[in-house]
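Colleague: Have a peek at model_31.pdb (PDB, C-alpha atoms and all ligand atoms).
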```
ATOM      1  CA  MET Y   1     211.801  67.848 137.748  1.00  0.00           C
ATOM      2  CA  ASP Y   2     208.208  68.852 137.041  1.00  0.00           C
ATOM      3  CA  LEU Y   3     208.065  70.766 140.303  1.00  0.00           C
ATOM      4  CA  LEU Y   4     211.057  72.883 139.291  1.00  0.00           C
ATOM      5  CA  LYS Y   5     209.515  73.628 135.902  1.00  0.00           C
ATOM      6  CA  GLN Y   6     206.254  74.630 137.559  1.00  0.00           C
ATOM      7  CA  LYS Y   7     208.121  76.900 139.920  1.00  0.00           C
ATOM      8  CA  VAL Y   8     210.095  78.533 137.084  1.00  0.00           C
ATOM      9  CA  ALA Y   9     206.889  79.049 135.084  1.00  0.00           C
ATOM     10  CA  ALA Y  10     204.968  80.448 138.054  1.00  0.00           C
ATOM     11  CA  ASP Y  11     207.605  82.492 139.894  1.00  0.00           C
ATOM     12  CA  GLY Y  12     210.339  83.196 137.314  1.00  0.00           C
ATOM     13  CA  VAL Y  13     210.463  86.808 136.172  1.00  0.00           C
ATOM     14  CA  VAL Y  14     211.644  87.463 132.621  1.00  0.00           C
ATOM     15  CA  ILE Y  15     213.995  90.444 132.843  1.00  0.00           C
ATOM     16  CA  ASP Y  16     214.785  90.471 129.118  1.00  0.00           C
ATOM     17  CA  GLU Y  17     215.178  87.874 126.365  1.00  0.00           C
ATOM     18  CA  LYS Y  18     218.378  86.555 127.986  1.00  0.00           C
ATOM     19  CA  ILE Y  19     217.914  86.878 131.754  1.00  0.00           C
ATOM     20  CA  LEU Y  20     215.507  85.123 134.055  1.00  0.00           C
ATOM     21  CA  LYS Y  21     215.126  86.224 137.667  1.00  0.00           C
ATOM     22  CA  VAL Y  22     214.378  83.472 140.173  1.00  0.00           C
ATOM     23  CA  ASP Y  23     214.880  85.396 143.410  1.00  0.00           C
ATOM     24  CA  GLY Y  24     211.721  83.939 144.919  1.00  0.00           C
ATOM     25  CA  PHE Y  25     213.046  80.377 145.245  1.00  0.00           C
ATOM     26  CA  LEU Y  26     216.710  80.087 144.196  1.00  0.00           C
ATOM     27  CA  ASN Y  27     218.779  83.280 144.072  1.00  0.00           C
ATOM     28  CA  HIS Y  28     217.646  85.278 147.099  1.00  0.00           C
ATOM     29  CA  GLN Y  29     214.883  83.540 149.018  1.00  0.00           C
ATOM     30  CA  ILE Y  30     215.499  79.791 148.805  1.00  0.00           C
ATOM     31  CA  ASP Y  31     212.838  77.106 148.605  1.00  0.00           C
ATOM     32  CA  ALA Y  32     214.624  74.552 150.775  1.00  0.00           C
ATOM     33  CA  ARG Y  33     212.218  71.728 149.956  1.00  0.00           C
ATOM     34  CA  LEU Y  34     212.704  72.281 146.224  1.00  0.00           C
ATOM     35  CA  MET Y  35     216.492  72.426 146.695  1.00  0.00           C
ATOM     36  CA  TYR Y  36     216.306  69.153 148.626  1.00  0.00           C
ATOM     37  CA  ASP Y  37     214.586  67.573 145.613  1.00  0.00           C
ATOM     38  CA  VAL Y  38     217.201  69.104 143.287  1.00  0.00           C
ATOM     39  CA  GLY Y  39     219.967  67.514 145.377  1.00  0.00           C
ATOM     40  CA  GLN Y  40     218.146  64.194 145.321  1.00  0.00           C
ATOM     41  CA  THR Y  41     217.786  64.296 141.517  1.00  0.00           C
ATOM     42  CA  PHE Y  42     221.484  65.002 140.985  1.00  0.00           C
ATOM     43  CA  TYR Y  43     222.228  62.125 143.346  1.00  0.00           C
ATOM     44  CA  GLU Y  44     220.077  59.734 141.314  1.00  0.00           C
ATOM     45  CA  GLN Y  45     221.867  60.792 138.123  1.00  0.00           C
ATOM     46  CA  PHE Y  46     225.435  60.515 139.419  1.00  0.00           C
ATOM     47  CA  LYS Y  47     225.213  58.051 142.324  1.00  0.00           C
ATOM     48  CA  ASN Y  48     227.284  55.365 140.570  1.00  0.00           C
ATOM     49  CA  GLU Y  49     230.131  57.702 139.644  1.00  0.00           C
ATOM     50  CA  GLY Y  50     232.130  57.653 142.867  1.00  0.00           C
ATOM     51  CA  ILE Y  51     231.678  61.379 143.506  1.00  0.00           C
ATOM     52  CA  THR Y  52     233.923  62.598 146.336  1.00  0.00           C
ATOM     53  CA  LYS Y  53     233.209  66.342 146.193  1.00  0.00           C
ATOM     54  CA  ILE Y  54     230.628  68.836 145.003  1.00  0.00           C
ATOM     55  CA  LEU Y  55     232.138  72.051 143.596  1.00  0.00           C
ATOM     56  CA  THR Y  56     230.222  75.267 142.941  1.00  0.00           C
ATOM     57  CA  ILE Y  57     230.760  79.025 142.892  1.00  0.00           C
ATOM     58  CA  GLU Y  58     229.472  81.517 145.426  1.00  0.00           C
ATOM     59  CA  ALA Y  59     226.808  82.538 146.048  1.00  0.00           C
ATOM     60  CA  SER Y  60     223.859  81.217 144.069  1.00  0.00           C
ATOM     61  CA  GLY Y  61     225.300  77.768 143.400  1.00  0.00           C
ATOM     62  CA  ILE Y  62     225.662  76.983 147.087  1.00  0.00           C
ATOM     63  CA  ALA Y  63     222.027  76.112 147.850  1.00  0.00           C
ATOM     64  CA  PRO Y  64     221.618  73.344 145.242  1.00  0.00           C
ATOM     65  CA  ALA Y  65     225.232  72.225 145.762  1.00  0.00           C
ATOM     66  CA  ILE Y  66     224.930  71.776 149.505  1.00  0.00           C
ATOM     67  CA  MET Y  67     221.749  69.765 149.155  1.00  0.00           C
ATOM     68  CA  ALA Y  68     223.445  67.483 146.650  1.00  0.00           C
ATOM     69  CA  ALA Y  69     226.495  67.210 148.917  1.00  0.00           C
ATOM     70  CA  MET Y  70     224.276  66.154 151.801  1.00  0.00           C
ATOM     71  CA  ARG Y  71     222.727  63.416 149.680  1.00  0.00           C
ATOM     72  CA  PHE Y  72     226.084  62.163 148.353  1.00  0.00           C
ATOM     73  CA  ASP Y  73     227.483  62.495 151.878  1.00  0.00           C
ATOM     74  CA  VAL Y  74     230.535  64.377 150.567  1.00  0.00           C
ATOM     75  CA  PRO Y  75     231.836  67.922 151.200  1.00  0.00           C
ATOM     76  CA  CYS Y  76     230.480  70.913 149.309  1.00  0.00           C
ATOM     77  CA  LEU Y  77     233.315  73.191 148.165  1.00  0.00           C
ATOM     78  CA  PHE Y  78     232.664  76.612 146.690  1.00  0.00           C
ATOM     79  CA  ALA Y  79     234.977  78.842 144.707  1.00  0.00           C
ATOM     80  CA  LYS Y  80     235.346  82.299 146.246  1.00  0.00           C
ATOM     81  CA  LYS Y  81     235.070  85.349 144.049  1.00  0.00           C
ATOM     82  CA  ALA Y  82     237.762  87.245 145.937  1.00  0.00           C
ATOM     83  CA  LYS Y  83     240.723  85.871 147.847  1.00  0.00           C
ATOM     84  CA  PRO Y  84     240.114  86.694 151.517  1.00  0.00           C
ATOM     85  CA  SER Y  85     243.088  87.531 153.763  1.00  0.00           C
ATOM     86  CA  THR Y  86     242.283  84.409 155.795  1.00  0.00           C
ATOM     87  CA  LEU Y  87     243.087  82.243 152.767  1.00  0.00           C
ATOM     88  CA  LYS Y  88     246.870  82.249 153.132  1.00  0.00           C
ATOM     89  CA  LYS Y  89     247.691  78.940 151.542  1.00  0.00           C
ATOM     90  CA  ALA Y  90     248.167  78.174 147.880  1.00  0.00           C
ATOM     91  CA  VAL Y  91     245.114  78.363 145.713  1.00  0.00           C
ATOM     92  CA  TYR Y  92     243.823  77.068 142.432  1.00  0.00           C
ATOM     93  CA  GLN Y  93     242.326  79.887 140.440  1.00  0.00           C
ATOM     94  CA  ALA Y  94     240.447  80.728 137.268  1.00  0.00           C
ATOM     95  CA  GLU Y  95     239.210  83.845 135.526  1.00  0.00           C
ATOM     96  CA  ILE Y  96     235.426  83.764 135.218  1.00  0.00           C
ATOM     97  CA  HIS Y  97     233.325  86.227 133.283  1.00  0.00           C
ATOM     98  CA  SER Y  98     230.004  86.872 135.003  1.00  0.00           C
ATOM     99  CA  PHE Y  99     227.122  86.700 132.567  1.00  0.00           C
ATOM    100  CA  THR Y 100     224.775  88.764 134.725  1.00  0.00           C
ATOM    101  CA  LYS Y 101     227.267  91.355 136.016  1.00  0.00           C
ATOM    102  CA  ASN Y 102     229.383  91.578 132.843  1.00  0.00           C
ATOM    103  CA  THR Y 103     232.573  91.641 134.911  1.00  0.00           C
ATOM    104  CA  THR Y 104     235.497  89.225 135.051  1.00  0.00           C
ATOM    105  CA  SER Y 105     236.855  88.055 138.364  1.00  0.00           C
ATOM    106  CA  THR Y 106     239.474  85.650 139.598  1.00  0.00           C
ATOM    107  CA  VAL Y 107     237.847  82.892 141.602  1.00  0.00           C
ATOM    108  CA  VAL Y 108     239.873  80.821 144.041  1.00  0.00           C
ATOM    109  CA  VAL Y 109     239.772  77.474 145.811  1.00  0.00           C
ATOM    110  CA  SER Y 110     242.306  76.506 148.460  1.00  0.00           C
ATOM    111  CA  ASP Y 111     244.560  73.610 147.495  1.00  0.00           C
ATOM    112  CA  GLU Y 112     243.765  72.080 150.888  1.00  0.00           C
ATOM    113  CA  PHE Y 113     240.390  70.900 149.670  1.00  0.00           C
ATOM    114  CA  LEU Y 114     240.903  69.405 146.220  1.00  0.00           C
ATOM    115  CA  ASP Y 115     243.453  66.847 145.022  1.00  0.00           C
ATOM    116  CA  GLU Y 116     244.122  64.218 142.384  1.00  0.00           C
ATOM    117  CA  ASN Y 117     241.965  61.642 144.164  1.00  0.00           C
ATOM    118  CA  ASP Y 118     238.816  63.727 143.885  1.00  0.00           C
ATOM    119  CA  ARG Y 119     235.964  62.884 141.541  1.00  0.00           C
ATOM    120  CA  VAL Y 120     234.039  66.120 141.269  1.00  0.00           C
ATOM    121  CA  LEU Y 121     230.458  66.993 140.404  1.00  0.00           C
ATOM    122  CA  ILE Y 122     230.255  70.680 139.481  1.00  0.00           C
ATOM    123  CA  ILE Y 123     226.869  72.236 140.272  1.00  0.00           C
ATOM    124  CA  ASP Y 124     225.531  75.659 139.360  1.00  0.00           C
ATOM    125  CA  ASP Y 125     222.168  77.405 139.387  1.00  0.00           C
ATOM    126  CA  PHE Y 126     222.179  78.543 135.720  1.00  0.00           C
ATOM    127  CA  LEU Y 127     223.940  77.624 132.506  1.00  0.00           C
ATOM    128  CA  ALA Y 128     224.214  80.484 130.002  1.00  0.00           C
ATOM    129  CA  ASN Y 129     227.530  80.759 128.100  1.00  0.00           C
ATOM    130  CA  GLY Y 130     229.285  78.156 130.219  1.00  0.00           C
ATOM    131  CA  ASP Y 131     232.035  80.408 131.608  1.00  0.00           C
ATOM    132  CA  ALA Y 132     231.367  79.590 135.265  1.00  0.00           C
ATOM    133  CA  SER Y 133     231.406  75.820 134.688  1.00  0.00           C
ATOM    134  CA  LEU Y 134     234.455  75.986 132.419  1.00  0.00           C
ATOM    135  CA  GLY Y 135     236.291  78.036 135.065  1.00  0.00           C
ATOM    136  CA  LEU Y 136     235.398  75.531 137.768  1.00  0.00           C
ATOM    137  CA  ASN Y 137     236.553  72.708 135.497  1.00  0.00           C
ATOM    138  CA  GLU Y 138     239.836  74.575 135.066  1.00  0.00           C
ATOM    139  CA  ILE Y 139     240.247  74.573 138.859  1.00  0.00           C
ATOM    140  CA  VAL Y 140     239.556  70.817 138.953  1.00  0.00           C
ATOM    141  CA  LYS Y 141     242.229  70.306 136.293  1.00  0.00           C
ATOM    142  CA  GLN Y 142     244.764  72.387 138.256  1.00  0.00           C
ATOM    143  CA  ALA Y 143     244.172  70.047 141.202  1.00  0.00           C
ATOM    144  CA  GLN Y 144     244.625  67.055 138.856  1.00  0.00           C
ATOM    145  CA  ALA Y 145     241.221  65.889 140.014  1.00  0.00           C
ATOM    146  CA  THR Y 146     238.486  64.591 137.669  1.00  0.00           C
ATOM    147  CA  THR Y 147     235.292  66.368 136.670  1.00  0.00           C
ATOM    148  CA  VAL Y 148     232.675  63.639 136.474  1.00  0.00           C
ATOM    149  CA  GLY Y 149     229.877  65.907 135.324  1.00  0.00           C
ATOM    150  CA  ILE Y 150     228.175  69.275 135.435  1.00  0.00           C
ATOM    151  CA  GLY Y 151     224.792  69.512 137.172  1.00  0.00           C
ATOM    152  CA  ILE Y 152     222.755  72.578 136.283  1.00  0.00           C
ATOM    153  CA  VAL Y 153     219.455  73.615 137.841  1.00  0.00           C
ATOM    154  CA  ILE Y 154     218.253  75.858 134.971  1.00  0.00           C
ATOM    155  CA  GLU Y 155     219.818  75.616 131.519  1.00  0.00           C
ATOM    156  CA  LYS Y 156     219.067  78.335 128.999  1.00  0.00           C
ATOM    157  CA  SER Y 157     219.253  76.185 125.894  1.00  0.00           C
ATOM    158  CA  PHE Y 158     219.217  79.159 123.540  1.00  0.00           C
ATOM    159  CA  GLN Y 159     222.682  80.123 124.800  1.00  0.00           C
ATOM    160  CA  PRO Y 160     225.894  78.267 123.906  1.00  0.00           C
ATOM    161  CA  GLY Y 161     226.857  76.921 127.363  1.00  0.00           C
ATOM    162  CA  ARG Y 162     226.006  73.265 126.781  1.00  0.00           C
ATOM    163  CA  GLU Y 163     227.747  73.193 123.418  1.00  0.00           C
ATOM    164  CA  ARG Y 164     230.911  74.689 124.875  1.00  0.00           C
ATOM    165  CA  LEU Y 165     230.955  72.286 127.822  1.00  0.00           C
ATOM    166  CA  GLU Y 166     230.339  69.254 125.611  1.00  0.00           C
ATOM    167  CA  GLU Y 167     233.084  70.413 123.233  1.00  0.00           C
ATOM    168  CA  ALA Y 168     235.369  70.397 126.276  1.00  0.00           C
ATOM    169  CA  GLY Y 169     234.387  66.737 126.808  1.00  0.00           C
ATOM    170  CA  LEU Y 170     232.158  67.389 129.812  1.00  0.00           C
ATOM    171  CA  THR Y 171     228.880  65.616 130.620  1.00  0.00           C
ATOM    172  CA  VAL Y 172     226.078  68.103 131.288  1.00  0.00           C
ATOM    173  CA  SER Y 173     222.888  67.282 133.137  1.00  0.00           C
ATOM    174  CA  SER Y 174     220.305  70.012 133.589  1.00  0.00           C
ATOM    175  CA  LEU Y 175     217.055  69.713 135.486  1.00  0.00           C
ATOM    176  CA  CYS Y 176     215.096  72.291 133.513  1.00  0.00           C
ATOM    177  CA  LYS Y 177     215.746  73.533 129.973  1.00  0.00           C
ATOM    178  CA  VAL Y 178     214.509  76.961 128.949  1.00  0.00           C
ATOM    179  CA  ALA Y 179     214.013  77.320 125.199  1.00  0.00           C
ATOM    180  CA  SER Y 180     213.249  81.034 125.131  1.00  0.00           C
ATOM    181  CA  LEU Y 181     212.351  84.063 127.203  1.00  0.00           C
ATOM    182  CA  SER Y 182     210.001  86.445 125.512  1.00  0.00           C
ATOM    183  CA  GLY Y 183     207.421  88.930 126.665  1.00  0.00           C
ATOM    184  CA  ASN Y 184     206.792  87.697 130.148  1.00  0.00           C
ATOM    185  CA  LYS Y 185     206.789  84.056 129.153  1.00  0.00           C
ATOM    186  CA  VAL Y 186     209.250  81.246 129.800  1.00  0.00           C
ATOM    187  CA  SER Y 187     209.110  78.488 127.162  1.00  0.00           C
ATOM    188  CA  PHE Y 188     210.634  75.111 127.944  1.00  0.00           C
ATOM    189  CA  VAL Y 189     212.496  72.845 125.536  1.00  0.00           C
ATOM    190  CA  GLU Y 190     210.191  69.918 126.363  1.00  0.00           C
ATOM    191  CA  ASP Y 191     207.138  71.979 125.380  1.00  0.00           C
ATOM    192  CA  GLU Y 192     208.573  72.489 121.915  1.00  0.00           C
ATOM    193  CA  ALA Y 193     209.581  68.856 121.365  1.00  0.00           C
TER     194      ALA Y 193
HETATM  195  P1  LIG W 201     227.551  81.237 132.411  1.00  0.00           P
HETATM  196  O1  LIG W 201     228.840  81.277 133.160  1.00  0.00           O
HETATM  197  O2  LIG W 201     227.127  79.851 132.015  1.00  0.00           O
HETATM  198  O3  LIG W 201     227.517  82.202 131.261  1.00  0.00           O
HETATM  199  O4  LIG W 201     226.444  81.790 133.403  1.00  0.00           O
HETATM  200  C1  LIG W 201     226.150  81.091 134.570  1.00  0.00           C
HETATM  201  C2  LIG W 201     226.269  81.973 135.768  1.00  0.00           C
HETATM  202  O5  LIG W 201     225.684  83.249 135.529  1.00  0.00           O
HETATM  203  C3  LIG W 201     225.522  81.355 136.927  1.00  0.00           C
HETATM  204  O6  LIG W 201     226.449  81.177 137.969  1.00  0.00           O
HETATM  205  C4  LIG W 201     224.447  82.344 137.304  1.00  0.00           C
HETATM  206  O7  LIG W 201     224.665  82.825 138.592  1.00  0.00           O
HETATM  207  C5  LIG W 201     224.527  83.467 136.300  1.00  0.00           C
HETATM  208  N1  LIG W 201     223.390  83.486 135.364  1.00  0.00           N
HETATM  209  C6  LIG W 201     223.417  83.201 134.037  1.00  0.00           C
HETATM  210  N2  LIG W 201     222.219  83.409 133.482  1.00  0.00           N
HETATM  211  C7  LIG W 201     221.397  83.810 134.460  1.00  0.00           C
HETATM  212  C8  LIG W 201     220.017  84.180 134.492  1.00  0.00           C
HETATM  213  O8  LIG W 201     219.272  84.184 133.493  1.00  0.00           O
HETATM  214  N3  LIG W 201     219.512  84.553 135.699  1.00  0.00           N
HETATM  215  C9  LIG W 201     220.268  84.572 136.827  1.00  0.00           C
HETATM  216  N4  LIG W 201     219.668  84.941 137.956  1.00  0.00           N
HETATM  217  N5  LIG W 201     221.580  84.234 136.841  1.00  0.00           N
HETATM  218  C10 LIG W 201     222.137  83.858 135.665  1.00  0.00           C
END
```
If you took the structure in this file and wrote it as structure tokens, what would it be?
Modeller:
Amino acid sequence: MDLLKQKVAADGVVIDEKILKVDGFLNHQIDARLMYDVGQTFYEQFKNEGITKILTIEASGIAPAIMAAMRFDVPCLFAKKAKPSTLKKAVYQAEIHSFTKNTTSTVVVSDEFLDENDRVLIIDDFLANGDASLGLNEIVKQAQATTVGIGIVIEKSFQPGRERLEEAGLTVSSLCKVASLSGNKVSFVEDEA
């Protein structure tokens, strides 16, 4: 994903040595064309895995997830950060600590939309400590479905997310790996190889 890397380098704003702001194309304003390509790339990586559902968490995961879902021709399901009164039925739920907000919330998915026949690709915008993906995987397990893999748009490789997910036996595929954030510069893992 050279285009993604270029976009991160050009438009990403380094907030501090741990947080990158990508509001210009992913987290606030969305570059739909770029997200289309992101969805296509995840499809190429997982197309032989019998994916039946894309699972993400609101709100920032939805854009890449829905584009992938369109390409796989499967539903896009997103975990809600608060249980709305309209969600009366039973839910699967997990506690997820938010890396950026430093709060912990219970996220929910209705049991109507996930079951033991599902083969799930979890997609998220960032991978930092891995809490969001591990929480989503917990929801997949509650449904007795199978997590086929984790697709991440931007992995911060200097944080322990990948290690934790791989320790849990999960396959992680990220489209762009950030090695460090310093000054106002984003360094990529590939640049250091
Ligand atoms: P994790 O759960 O892996 O620690 O963090 C992933 C979640 O936190 C993602 O859903 C993402 O929304 C948010 N996040 C983590 N790091 C960053 C970052 O550097 N920038 C932004 N904008 N969001 C981040």
Colleague: List every residue of chain Y that has an atom at most 10 Å from any atom of ligand LIG 201 (chain W), and for each one report the closest atom pair and its distance in Å to one decimal, counting all atoms listed in the file, with rows sorted by chain and then by increasing residue number, as CSV.
Modeller:
```
residue,atom,partner,partner_atom,distance
Y:Gly12,CA,W:LIG201,N3,9.4
Y:Val13,CA,W:LIG201,N3,9.3
Y:Val14,CA,W:LIG201,O8,8.3
Y:Ile15,CA,W:LIG201,O8,8.2
Y:Asp16,CA,W:LIG201,O8,8.9
Y:Glu17,CA,W:LIG201,O8,9.0
Y:Lys18,CA,W:LIG201,O8,6.1
Y:Ile19,CA,W:LIG201,O8,3.5
Y:Leu20,CA,W:LIG201,O8,3.9
Y:Lys21,CA,W:LIG201,N4,4.7
Y:Val22,CA,W:LIG201,N4,5.9
Y:Asp23,CA,W:LIG201,N4,7.3
Y:Leu26,CA,W:LIG201,N4,8.4
Y:Asn27,CA,W:LIG201,N4,6.4
Y:His28,CA,W:LIG201,N4,9.4
Y:Thr56,CA,W:LIG201,O6,8.6
Y:Ile57,CA,W:LIG201,O6,6.9
Y:Glu58,CA,W:LIG201,O6,8.1
Y:Ala59,CA,W:LIG201,O7,7.8
Y:Ser60,CA,W:LIG201,O7,5.8
Y:Gly61,CA,W:LIG201,O6,6.5
Y:Ile96,CA,W:LIG201,O1,7.3
Y:His97,CA,W:LIG201,O1,6.7
Y:Ser98,CA,W:LIG201,O5,5.7
Y:Phe99,CA,W:LIG201,O3,4.7
Y:Thr100,CA,W:LIG201,N1,5.5
Y:Lys101,CA,W:LIG201,O5,8.3
Y:Asn102,CA,W:LIG201,O5,9.5
Y:Ile123,CA,W:LIG201,O6,9.2
Y:Asp124,CA,W:LIG201,O6,5.8
Y:Asp125,CA,W:LIG201,C3,5.7
Y:Phe126,CA,W:LIG201,C3,4.5
Y:Leu127,CA,W:LIG201,O2,3.9
Y:Ala128,CA,W:LIG201,O2,3.6
Y:Asn129,CA,W:LIG201,O3,3.5
Y:Gly130,CA,W:LIG201,O2,3.3
Y:Asp131,CA,W:LIG201,O1,3.7
Y:Ala132,CA,W:LIG201,O1,3.7
Y:Ser133,CA,W:LIG201,O1,6.2
Y:Leu134,CA,W:LIG201,O1,7.8
Y:Gly135,CA,W:LIG201,O1,8.3
Y:Leu136,CA,W:LIG201,O1,9.9
Y:Ile152,CA,W:LIG201,C3,9.2
Y:Val153,CA,W:LIG201,C3,9.9
Y:Ile154,CA,W:LIG201,O8,8.5
Y:Glu155,CA,W:LIG201,N2,8.4
Y:Lys156,CA,W:LIG201,O8,7.4
Y:Gln159,CA,W:LIG201,O3,8.3
Y:Pro160,CA,W:LIG201,O2,8.4
Y:Gly161,CA,W:LIG201,O2,5.5
Y:Arg162,CA,W:LIG201,O2,8.5
Y:Arg164,CA,W:LIG201,O2,9.6
Y:Leu165,CA,W:LIG201,O2,9.5
Y:Val178,CA,W:LIG201,O8,9.8
Y:Leu181,CA,W:LIG201,O8,9.4
```
Colleague: When the PyMOL selection byres (((chain Y and resi 112) around 9) and not hetatm) is applied to the structure above, which residues does it catch, written out as a PyMOL selection string?
Modeller: chain Y and resi 89-91+109-111+113-115
Colleague: Taking C-alpha atoms for each residue, export the selection above as a short mmCIF file (atom, residue, chain, number, x, y, z; two decimals), in the frame of the given file.
Modeller:
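New file result.cif:
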```
data_model
loop_
_atom_site.label_atom_id
_atom_site.label_comp_id
_atom_site.auth_asym_id
_atom_site.auth_seq_id
_atom_site.Cartn_x
_atom_site.Cartn_y
_atom_site.Cartn_z
CA LYS Y 89 247.69 78.94 151.54
CA ALA Y 90 248.17 78.17 147.88
CA VAL Y 91 245.11 78.36 145.71
CA VAL Y 109 239.77 77.47 145.81
CA SER Y 110 242.31 76.51 148.46
CA ASP Y 111 244.56 73.61 147.50
CA PHE Y 113 240.39 70.90 149.67
CA LEU Y 114 240.90 69.40 146.22
CA ASP Y 115 243.45 66.85 145.02
#
```
Colleague: Rank Y:Lys53, Y:Val38, Y:Met70, Y:Tyr43 by their smallest atom-to-atom distance to Lys5 of chain Y, using only C-alpha atoms, and report the top residue only.
Modeller: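 Going through Y:Lys53, Y:Val38, Y:Met70, Y:Tyr43 one by one, the smallest distance to Lys5 of chain Y is for Y:Val38.
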Colleague: Name the residues within 9 Å of (229.5, 60.1, 137.6), counting only C-alpha atoms in the file's coordinates, and put them as a list of chain:residue names.
Modeller: Y:Gln45, Y:Phe46, Y:Lys47, Y:Asn48, Y:Glu49, Y:Gly50, Y:Ile51, Y:Arg119, Y:Val120, Y:Leu121, Y:Thr147, Y:Val148, Y:Gly149, Y:Thr171
Colleague: For the residues in the current selection, export C-alpha atoms as an mmCIF file, in the coordinates of the input.
Modeller:
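Final output, result17.cif:
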```cif
data_model
loop_
_atom_site.group_PDB
_atom_site.id
_atom_site.type_symbol
_atom_site.label_atom_id
_atom_site.label_comp_id
_atom_site.auth_asym_id
_atom_site.auth_seq_id
_atom_site.Cartn_x
_atom_site.Cartn_y
_atom_site.Cartn_z
ATOM 1 C CA GLN Y 45 221.867 60.792 138.123
ATOM 2 C CA PHE Y 46 225.435 60.515 139.419
ATOM 3 C CA LYS Y 47 225.213 58.051 142.324
ATOM 4 C CA ASN Y 48 227.284 55.365 140.570
ATOM 5 C CA GLU Y 49 230.131 57.702 139.644
ATOM 6 C CA GLY Y 50 232.130 57.653 142.867
ATOM 7 C CA ILE Y 51 231.678 61.379 143.506
ATOM 8 C CA ARG Y 119 235.964 62.884 141.541
ATOM 9 C CA VAL Y 120 234.039 66.120 141.269
ATOM 10 C CA LEU Y 121 230.458 66.993 140.404
ATOM 11 C CA THR Y 147 235.292 66.368 136.670
ATOM 12 C CA VAL Y 148 232.675 63.639 136.474
ATOM 13 C CA GLY Y 149 229.877 65.907 135.324
ATOM 14 C CA THR Y 171 228.880 65.616 130.620
#
```
Colleague: Have a look at Y:Thr86, Y:Gly169, Y:Tyr92, Y:Tyr36 and name the one nearest to Ala69 of chain Y; count all atoms listed in the file.
Modeller: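 Of all the options, Y:Tyr36 lies closest to Ala69 of chain Y.
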Colleague: Please, what distance in Å, to one decimal, runs between atom CA of Gln93 of chain Y and atom CA of Arg71 of chain Y?
Modeller: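 Separation between atom CA of Gln93 of chain Y and atom CA of Arg71 of chain Y: 27.2 Å.
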Colleague: Neighbouring residues of Asp11 of chain Y were defined as those with any atom within 8 Å, considering all atoms listed in the file; residues of the same chain fewer than 3 positions away were excluded. Please report them as a list of chain:residue names.
Modeller: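 Everything that qualifies: Y:Lys7, Y:Val8, Y:Val22, Y:Gly24, Y:Phe25.
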Colleague: Could you list, as a list in words, every residue matched by the PyMOL selection byres (((chain Y and resi 173) around 6) and not hetatm) in this structure?
Modeller: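 Evaluating the PyMOL selection byres (((chain Y and resi 173) around 6) and not hetatm) on these coordinates yields Gly151, Val172 and Ser174 of chain Y.
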Colleague: Got a sec: who's within 7 Å of Ala94 of chain Y, counting all atoms listed in the file, leaving out chain neighbours fewer than 3 positions off, as a list of chain:residue names?
Modeller: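 In the requested format, the answer is Y:Thr106, Y:Val107, Y:Val108, Y:Gly135, Y:Glu138, Y:Ile139.
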Colleague: If you keep C-alpha atoms, can you produce a file of those selected residues as an mmCIF file, in the frame of the given file?
Modeller:
```
data_model
loop_
_atom_site.group_PDB
_atom_site.id
_atom_site.type_symbol
_atom_site.label_atom_id
_atom_site.label_comp_id
_atom_site.auth_asym_id
_atom_site.auth_seq_id
_atom_site.Cartn_x
_atom_site.Cartn_y
_atom_site.Cartn_z
ATOM 1 C CA THR Y 106 239.474 85.650 139.598
ATOM 2 C CA VAL Y 107 237.847 82.892 141.602
ATOM 3 C CA VAL Y 108 239.873 80.821 144.041
ATOM 4 C CA GLY Y 135 236.291 78.036 135.065
ATOM 5 C CA GLU Y 138 239.836 74.575 135.066
ATOM 6 C CA ILE Y 139 240.247 74.573 138.859
#
```
Colleague: Taking the block just given, write segment 66-74 of chain Y to a file that holds N, CA and C atoms, as a CSV table (one decimal), in the first residue's frame.
Modeller:
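Result file is out.csv:
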```csv
chain,number,residue,atom,x,y,z
Y,66,ILE,N,-16.2,-1.3,6.0
Y,66,ILE,CA,-17.3,-1.4,5.0
Y,66,ILE,C,-16.8,-1.6,3.6
Y,67,MET,N,-15.6,-1.0,3.3
Y,67,MET,CA,-15.1,-1.2,2.0
Y,67,MET,C,-14.6,-2.6,1.7
Y,68,ALA,N,-14.1,-3.2,2.8
Y,68,ALA,CA,-13.7,-4.6,2.7
Y,68,ALA,C,-14.9,-5.5,2.5
Y,69,ALA,N,-15.9,-5.1,3.3
Y,69,ALA,CA,-17.2,-5.9,3.3
Y,69,ALA,C,-17.8,-5.9,1.9
Y,70,MET,N,-17.7,-4.7,1.3
Y,70,MET,CA,-18.3,-4.6,-0.1
Y,70,MET,C,-17.5,-5.5,-1.0
Y,71,ARG,N,-16.2,-5.6,-0.9
Y,71,ARG,CA,-15.4,-6.4,-1.8
Y,71,ARG,C,-15.6,-7.9,-1.5
Y,72,PHE,N,-15.7,-8.3,-0.3
Y,72,PHE,CA,-16.0,-9.7,0.1
Y,72,PHE,C,-17.4,-10.1,-0.2
Y,73,ASP,N,-18.3,-9.0,-0.4
Y,73,ASP,CA,-19.7,-9.3,-0.5
Y,73,ASP,C,-20.3,-10.0,0.7
Y,74,VAL,N,-19.9,-9.5,1.9
Y,74,VAL,CA,-20.4,-10.0,3.2
Y,74,VAL,C,-20.8,-8.8,4.0
```
